[in-house]
Amino acid sequence: MNENEKHIIVIGGGVAGMSAAHELIERGFKVTVFERQETLCGGKARSIPIKGTATFPSKELPGEHGFRFFPGFYKHIIDTMKRIPFKGDLNEKCVADNLVDCPNMMMAKMNTIPIVLPSHLPRSIKGLKDLLEKIKIFDTGLSKEEKNLIVLKLWQLLTSCKDRRFNEYERTGWWEFTEAAVHSEAYRTVFVDGLTRTLVAAKAETCNTKTNGDILVQLMFNMVDPTRHTDRILSGPTNEKWLTPWLDYLRLKNVDFNFDCEPVDFEVKERKIASVKIKKKGLVSTHEADYFICAVPVERAAPILNKPHLLELDPNLKFTETLKKSVAWMNGIQFYLREDVKIVDGHIILADSPWSLTAISQAQFWNVNLSDYGDGYVKGIISVDLSNWEKKGVLVDKPANSCTRWEVILEVWHQLKISFNTPEVILADENMFMAFIDDSIIFNEELFNSEKRKSNTTMNRPAPYGKNSVNENEEPLLVNEINTWSIRNDSRTSISNLFLASDYVRSFTDLATMEGANEAARRATNNIIDVSGSKAEYCKVWDIHEPKWLLFSQYLDKRRYKKGLSWKSHEIWWVKLLNYIIYLFKR
């Protein structure tokens with residue numbers, strides 16, 4: 001080791017930790033990563049090989065925490081993926097070459113003919129006519145007034161100034177902003193609750209309008225911008241197409257990546273971190289470094305950071321304890337089929353499904369041979385995200401978080417069938433080969449029957465097993481609730497050599513996603529470059545997209561905001577003209 005080479009220890013080998021390691025190692029730092037998983041990197045993004053499904057020489061069937069989704073507004077993670085080498089059979093040069101477009105999407109409702117829409121607005125008159133016809137046929141249940149209100153609310157989000165979004169919409173619930181309480185169940189299903197649950201697993205009553213609105217607007221911009229990929233997924237299991245090549249690249253660059261390692265405590269000396277204690281297979285070891293990055297999710301960061309000797313140096317670390325309560329469940333279920341069912345070539349929103357399901361039929365996008373997995377009989381995979389674990393099902397008279405494993409599988413399969421099997425049967429019971437639920441869900445009946453639990457389980461301990469007992473989720477998802485931005489931490493702490501890199505850190509992305517995790521890692525890296533005196537180039541960080549043709553409308557709203565006035569729509573002709581002139585001048 002060069003005596004001038006600074007050593008950084010990264011706690012956590014998820015997307016945030018790997019992103020930090022990537023940026024640091026390419027800038028000449030020495031990097032060590034400690035990850036709690038036994039063999040898999042990537043955190044929530046990882047594929048999960050299903051134990052016991054492989055028969056030599058085949059591989060285990062791939063499960064998932066949840067399906068991958070790469071919308072067009074993702075910049076940070078895509079930039080990193082372009083710098084990860086990949087050698088495949090189709091002349092791919094980097095893992096970003098494994099991203100494939102989803103040209104369409106589907107909106108499904110129970111016992112109703114689903115509607116298939118392009119993921120990008122049509123680029124021809126014929127395409128536009130076809131789209132309008134499909135929308136006309138699809139029965140949303142919305143009144144004319146509610147449709148107009150949705151348009152108005154979207155326009156308000158587009159034309160509100162940044163000050164209003166950060167200061168007013170951050171403390172305004174999505175339920176309040178959308179006026180959900182005084183409108184129909186259809187309005188709440190399609191616009192209010194459906195979008196929040198399916199996009200960010202948030203409750204409409206508690207999530208803030210700033211984050212919800214920003215993400216919704218970004219997805220709208222994707223659809224109308226011809227230069228963007230609206231929706232992409234990977235061309236195979238995440239580990240094969242992204243994470244394993246990434247780990248190989250980091251190790252090739254001499255990142256010391258260690259699995260099965262649980263952080264215990266940071267040791268402080270002379271008002272900074274001197275070392276970190278790591279537990280592995282029951283043994284605790286001490287590791288020193290110049291700088292430390294905590295890149296674990298907030299519910300795991302809180303127990304590590306909320307120690308008296310750390311809070312004495314940075315009292316703001318206590319807010320991780322508050323933030324860890326702002327989590328929800330959004331976990332994946334995969335159904336493995338004997339015969340592939342494409343359904344639609346893109347993502348599916350099951351708008352009125354009680355458990356807020358989204359899904360995708362994956363085999364059609366993969367350039368791998370599914371016969372190489374399991375016993376060779378699986379020909380298709382429907383990957384589902386379940387975002388509302390607190391509502392009763394259709395078949396099962398209790399919420400998902402109190403169900404048995406088999407009850408969850410039966411209920412989700414039933415909700416899929418009644419959403420897809422109109423006017424013809426698409427999903428048949430005899431076609432389902434098996435199902436897999438994300439292994440971060442710990443089911444009470446299995447836990448108490450076996451009288452054992454995972455050694456790394458640390459939160460949400462279940463009540464005694466019974467009819468109303470609640471299962472445990474080891475990997476919940478942070479949601480942006482009202483008034484939480486003010487207690488979110490920056491990547492740089494008041495402890496001179498401790499930095500934070502996780503999706504709860506303040507960022508432009510402002511959402512618990514792999515994009516947010518990657519941006520947070522870049523911010524931590526930039527701060528280490530700054531304090532270490534390194535001459536390395538700073539990481540690029542992008543703000544969310546703000547179309548120039550809206551600048552004048554946002555300027556008018558900023559004038560109103562400064563006067564303490566509420567938002568007002570400016571629909572007069574000269575405002576539209578000025579917006580257009582500004583767009584032409586600045587493009």
# chains A, B, ... in the order shown; residues from 1 in each chain; ligands from 1

call {"tool": "residues_around", "arguments": {"residues": "Ser494 of chain A", "least_positions_apart": "3", "cutoff": "8 Å", "atoms": "only C-alpha atoms", "output": "PDB file with C-alpha atoms, in the first residue's frame"}}
result
ATOM      1  CA  LEU A 313     -19.961  14.085  17.996  1.00  0.00           C
ATOM      2  CA  ASP A 314     -22.964  14.383  15.659  1.00  0.00           C
ATOM      3  CA  LEU A 498     -17.657   9.305   8.648  1.00  0.00           C
TER       4      LEU A 498
END

call {"tool": "residues_around", "arguments": {"residues": "Leu410 of chain A", "least_positions_apart": "3", "cutoff": "12 Å", "atoms": "only C-alpha atoms", "output": "PyMOL selection string"}}
result
chain A and resi 333+335+393-396+400+403-407+413-417+429+432+434-437

call {"tool": "residues_around", "arguments": {"residues": "Thr509 of chain A", "least_positions_apart": "2", "cutoff": "8 Å", "atoms": "only C-alpha atoms", "output": "list in words"}}
result
Ser507, Leu511, Glu515, Gly516, Glu519, Asp543 and Ile544 of chain A

call {"tool": "select_by_dssp", "arguments": {"residues": "segment 245-459 of chain A", "states": "strand (DSSP E or B)", "output": "short mmCIF file (atom, residue, chain, number, x, y, z; two decimals) with N, CA and C atoms, in the first residue's frame"}}
result
data_model
loop_
_atom_site.label_atom_id
_atom_site.label_comp_id
_atom_site.auth_asym_id
_atom_site.auth_seq_id
_atom_site.Cartn_x
_atom_site.Cartn_y
_atom_site.Cartn_z
N ASP A 256 -11.39 -4.96 -1.80
CA ASP A 256 -11.44 -6.10 -0.88
C ASP A 256 -12.90 -6.26 -0.42
N PHE A 257 -13.63 -7.19 -1.05
CA PHE A 257 -15.06 -7.35 -0.81
C PHE A 257 -15.29 -8.57 0.07
N ASN A 258 -15.89 -8.37 1.24
CA ASN A 258 -16.05 -9.42 2.25
C ASN A 258 -17.52 -9.68 2.54
N GLU A 262 -21.17 -8.58 9.65
CA GLU A 262 -22.16 -7.69 10.27
C GLU A 262 -21.44 -6.62 11.09
N PRO A 263 -21.69 -5.31 10.82
CA PRO A 263 -21.07 -4.27 11.64
C PRO A 263 -21.62 -4.27 13.06
N VAL A 264 -20.75 -4.11 14.03
CA VAL A 264 -21.16 -4.12 15.43
C VAL A 264 -21.13 -2.71 16.01
N ASP A 265 -20.04 -2.00 15.81
CA ASP A 265 -19.89 -0.68 16.41
C ASP A 265 -18.70 0.04 15.78
N PHE A 266 -18.77 1.38 15.80
CA PHE A 266 -17.63 2.20 15.43
C PHE A 266 -16.89 2.60 16.70
N GLU A 267 -15.58 2.55 16.66
CA GLU A 267 -14.76 3.00 17.80
C GLU A 267 -14.26 4.41 17.51
N VAL A 268 -14.34 5.27 18.51
CA VAL A 268 -13.97 6.68 18.36
C VAL A 268 -12.67 6.96 19.10
N LYS A 269 -11.82 7.73 18.45
CA LYS A 269 -10.56 8.16 19.06
C LYS A 269 -10.23 9.55 18.54
N LYS A 272 -12.88 11.28 16.14
CA LYS A 272 -13.19 10.74 14.82
C LYS A 272 -13.19 9.21 14.90
N ILE A 273 -13.68 8.57 13.84
CA ILE A 273 -13.76 7.12 13.82
C ILE A 273 -12.35 6.54 13.68
N ALA A 274 -12.00 5.66 14.61
CA ALA A 274 -10.68 5.02 14.54
C ALA A 274 -10.78 3.65 13.87
N SER A 275 -11.90 2.95 14.10
CA SER A 275 -12.04 1.60 13.53
C SER A 275 -13.50 1.17 13.60
N VAL A 276 -13.79 0.07 12.95
CA VAL A 276 -15.12 -0.52 13.01
C VAL A 276 -14.97 -1.98 13.44
N LYS A 277 -15.87 -2.42 14.29
CA LYS A 277 -15.89 -3.81 14.72
C LYS A 277 -16.84 -4.59 13.82
N ILE A 278 -16.34 -5.70 13.29
CA ILE A 278 -17.11 -6.53 12.36
C ILE A 278 -17.26 -7.93 12.95
N LYS A 279 -18.52 -8.42 12.90
CA LYS A 279 -18.79 -9.76 13.40
C LYS A 279 -18.96 -10.72 12.23
N LYS A 280 -18.22 -11.83 12.26
CA LYS A 280 -18.32 -12.85 11.22
C LYS A 280 -18.21 -14.22 11.86
N LEU A 283 -17.32 -14.37 15.52
CA LEU A 283 -16.08 -13.73 15.95
C LEU A 283 -16.10 -12.26 15.57
N VAL A 284 -15.61 -11.41 16.48
CA VAL A 284 -15.56 -9.96 16.24
C VAL A 284 -14.12 -9.54 15.99
N SER A 285 -13.92 -8.81 14.91
CA SER A 285 -12.59 -8.30 14.57
C SER A 285 -12.65 -6.79 14.40
N THR A 286 -11.52 -6.13 14.55
CA THR A 286 -11.43 -4.67 14.46
C THR A 286 -10.68 -4.28 13.19
N HIS A 287 -11.22 -3.27 12.48
CA HIS A 287 -10.63 -2.86 11.20
C HIS A 287 -10.46 -1.34 11.17
N GLU A 288 -9.26 -0.90 10.89
CA GLU A 288 -8.94 0.52 10.85
C GLU A 288 -8.94 1.04 9.42
N TYR A 291 -11.07 6.63 6.32
CA TYR A 291 -12.44 7.12 6.20
C TYR A 291 -13.40 5.93 6.21
N PHE A 292 -14.65 6.21 6.63
CA PHE A 292 -15.65 5.16 6.75
C PHE A 292 -16.95 5.63 6.09
N ILE A 293 -17.56 4.74 5.33
CA ILE A 293 -18.85 5.03 4.71
C ILE A 293 -19.87 4.02 5.21
N CYS A 294 -20.97 4.52 5.76
CA CYS A 294 -22.09 3.67 6.17
C CYS A 294 -23.09 3.66 5.02
N VAL A 327 -40.88 3.21 6.94
CA VAL A 327 -40.63 2.15 5.96
C VAL A 327 -41.92 1.41 5.67
N ALA A 328 -41.97 0.81 4.48
CA ALA A 328 -43.14 0.02 4.08
C ALA A 328 -42.64 -1.25 3.39
N ASN A 331 -42.32 -6.14 -1.74
CA ASN A 331 -41.53 -7.35 -1.95
C ASN A 331 -42.05 -8.16 -3.13
N GLY A 332 -41.17 -8.98 -3.67
CA GLY A 332 -41.48 -9.68 -4.89
C GLY A 332 -41.96 -11.11 -4.71
N ILE A 333 -42.77 -11.56 -5.66
CA ILE A 333 -43.21 -12.95 -5.78
C ILE A 333 -43.05 -13.34 -7.24
N GLN A 334 -42.44 -14.49 -7.49
CA GLN A 334 -42.31 -14.97 -8.86
C GLN A 334 -43.14 -16.24 -9.05
N PHE A 335 -43.84 -16.28 -10.19
CA PHE A 335 -44.59 -17.47 -10.57
C PHE A 335 -43.90 -18.09 -11.78
N TYR A 336 -43.51 -19.34 -11.66
CA TYR A 336 -42.78 -20.05 -12.71
C TYR A 336 -43.77 -20.91 -13.49
N LEU A 337 -43.79 -20.73 -14.82
CA LEU A 337 -44.82 -21.34 -15.67
C LEU A 337 -44.27 -22.47 -16.52
N ILE A 348 -46.99 -4.03 -15.94
CA ILE A 348 -48.44 -4.08 -15.76
C ILE A 348 -48.80 -3.49 -14.41
N ILE A 349 -49.73 -2.55 -14.41
CA ILE A 349 -50.27 -2.00 -13.16
C ILE A 349 -51.66 -2.61 -12.95
N LEU A 350 -51.83 -3.32 -11.88
CA LEU A 350 -53.15 -3.88 -11.54
C LEU A 350 -53.85 -2.85 -10.65
N LEU A 357 -50.71 -4.64 -6.73
CA LEU A 357 -49.75 -5.44 -7.47
C LEU A 357 -49.28 -4.74 -8.74
N THR A 358 -48.02 -4.92 -9.06
CA THR A 358 -47.48 -4.61 -10.38
C THR A 358 -46.75 -5.86 -10.85
N ALA A 359 -46.65 -6.04 -12.15
CA ALA A 359 -46.09 -7.31 -12.64
C ALA A 359 -45.42 -7.12 -13.99
N ILE A 360 -44.65 -8.14 -14.38
CA ILE A 360 -44.05 -8.19 -15.71
C ILE A 360 -43.80 -9.64 -16.07
N SER A 361 -44.06 -9.99 -17.32
CA SER A 361 -43.75 -11.31 -17.84
C SER A 361 -42.34 -11.24 -18.43
N TYR A 373 -32.14 -23.61 -16.30
CA TYR A 373 -32.41 -23.37 -14.88
C TYR A 373 -33.36 -24.44 -14.34
N GLY A 380 -41.55 -19.89 -18.48
CA GLY A 380 -41.92 -18.49 -18.31
C GLY A 380 -41.89 -18.08 -16.84
N ILE A 381 -41.70 -16.77 -16.61
CA ILE A 381 -41.69 -16.24 -15.24
C ILE A 381 -42.50 -14.96 -15.20
N ILE A 382 -43.49 -14.92 -14.34
CA ILE A 382 -44.21 -13.67 -14.06
C ILE A 382 -43.70 -13.16 -12.73
N SER A 383 -43.06 -12.00 -12.76
CA SER A 383 -42.51 -11.40 -11.54
C SER A 383 -43.47 -10.32 -11.06
N VAL A 384 -43.84 -10.40 -9.78
CA VAL A 384 -44.87 -9.51 -9.21
C VAL A 384 -44.29 -8.77 -8.02
N ASP A 385 -44.60 -7.49 -7.91
CA ASP A 385 -44.31 -6.72 -6.71
C ASP A 385 -45.60 -6.51 -5.93
N LEU A 386 -45.57 -6.85 -4.64
CA LEU A 386 -46.72 -6.69 -3.75
C LEU A 386 -46.42 -5.49 -2.85
N LYS A 392 -56.85 -6.48 3.39
CA LYS A 392 -57.37 -7.84 3.24
C LYS A 392 -57.44 -8.21 1.76
N PRO A 399 -54.94 -9.39 6.04
CA PRO A 399 -53.89 -8.73 5.25
C PRO A 399 -52.74 -9.67 4.93
N MET A 432 -49.20 -23.12 -13.71
CA MET A 432 -48.26 -22.68 -12.65
C MET A 432 -47.44 -23.87 -12.16
N PHE A 433 -46.13 -23.79 -12.32
CA PHE A 433 -45.23 -24.86 -11.90
C PHE A 433 -44.87 -24.73 -10.43
N MET A 434 -44.50 -23.51 -10.02
CA MET A 434 -44.16 -23.24 -8.62
C MET A 434 -44.12 -21.73 -8.42
N ALA A 435 -44.00 -21.31 -7.17
CA ALA A 435 -43.91 -19.88 -6.85
C ALA A 435 -42.84 -19.66 -5.79
N PHE A 436 -42.29 -18.45 -5.79
CA PHE A 436 -41.25 -18.10 -4.82
C PHE A 436 -41.53 -16.71 -4.27
N ILE A 437 -41.46 -16.59 -2.94
CA ILE A 437 -41.63 -15.29 -2.28
C ILE A 437 -40.27 -14.83 -1.77
N ILE A 441 -38.98 -12.04 3.63
CA ILE A 441 -40.22 -12.18 4.40
C ILE A 441 -40.09 -13.43 5.28
N ILE A 442 -40.19 -13.24 6.58
CA ILE A 442 -40.11 -14.34 7.53
C ILE A 442 -41.54 -14.63 8.01
#

call {"tool": "closest_residue", "arguments": {"among": "A:Asp97, A:Asp89, A:Glu26, A:Glu424", "to": "Leu234 of chain A", "atoms": "only C-alpha atoms"}}
result
A:Asp97

call {"tool": "closest_residue", "arguments": {"among": "A:Asp340, A:Glu205, A:Asp225, A:Glu92", "to": "Lys241 of chain A", "atoms": "only C-alpha atoms"}}
result
A:Glu92
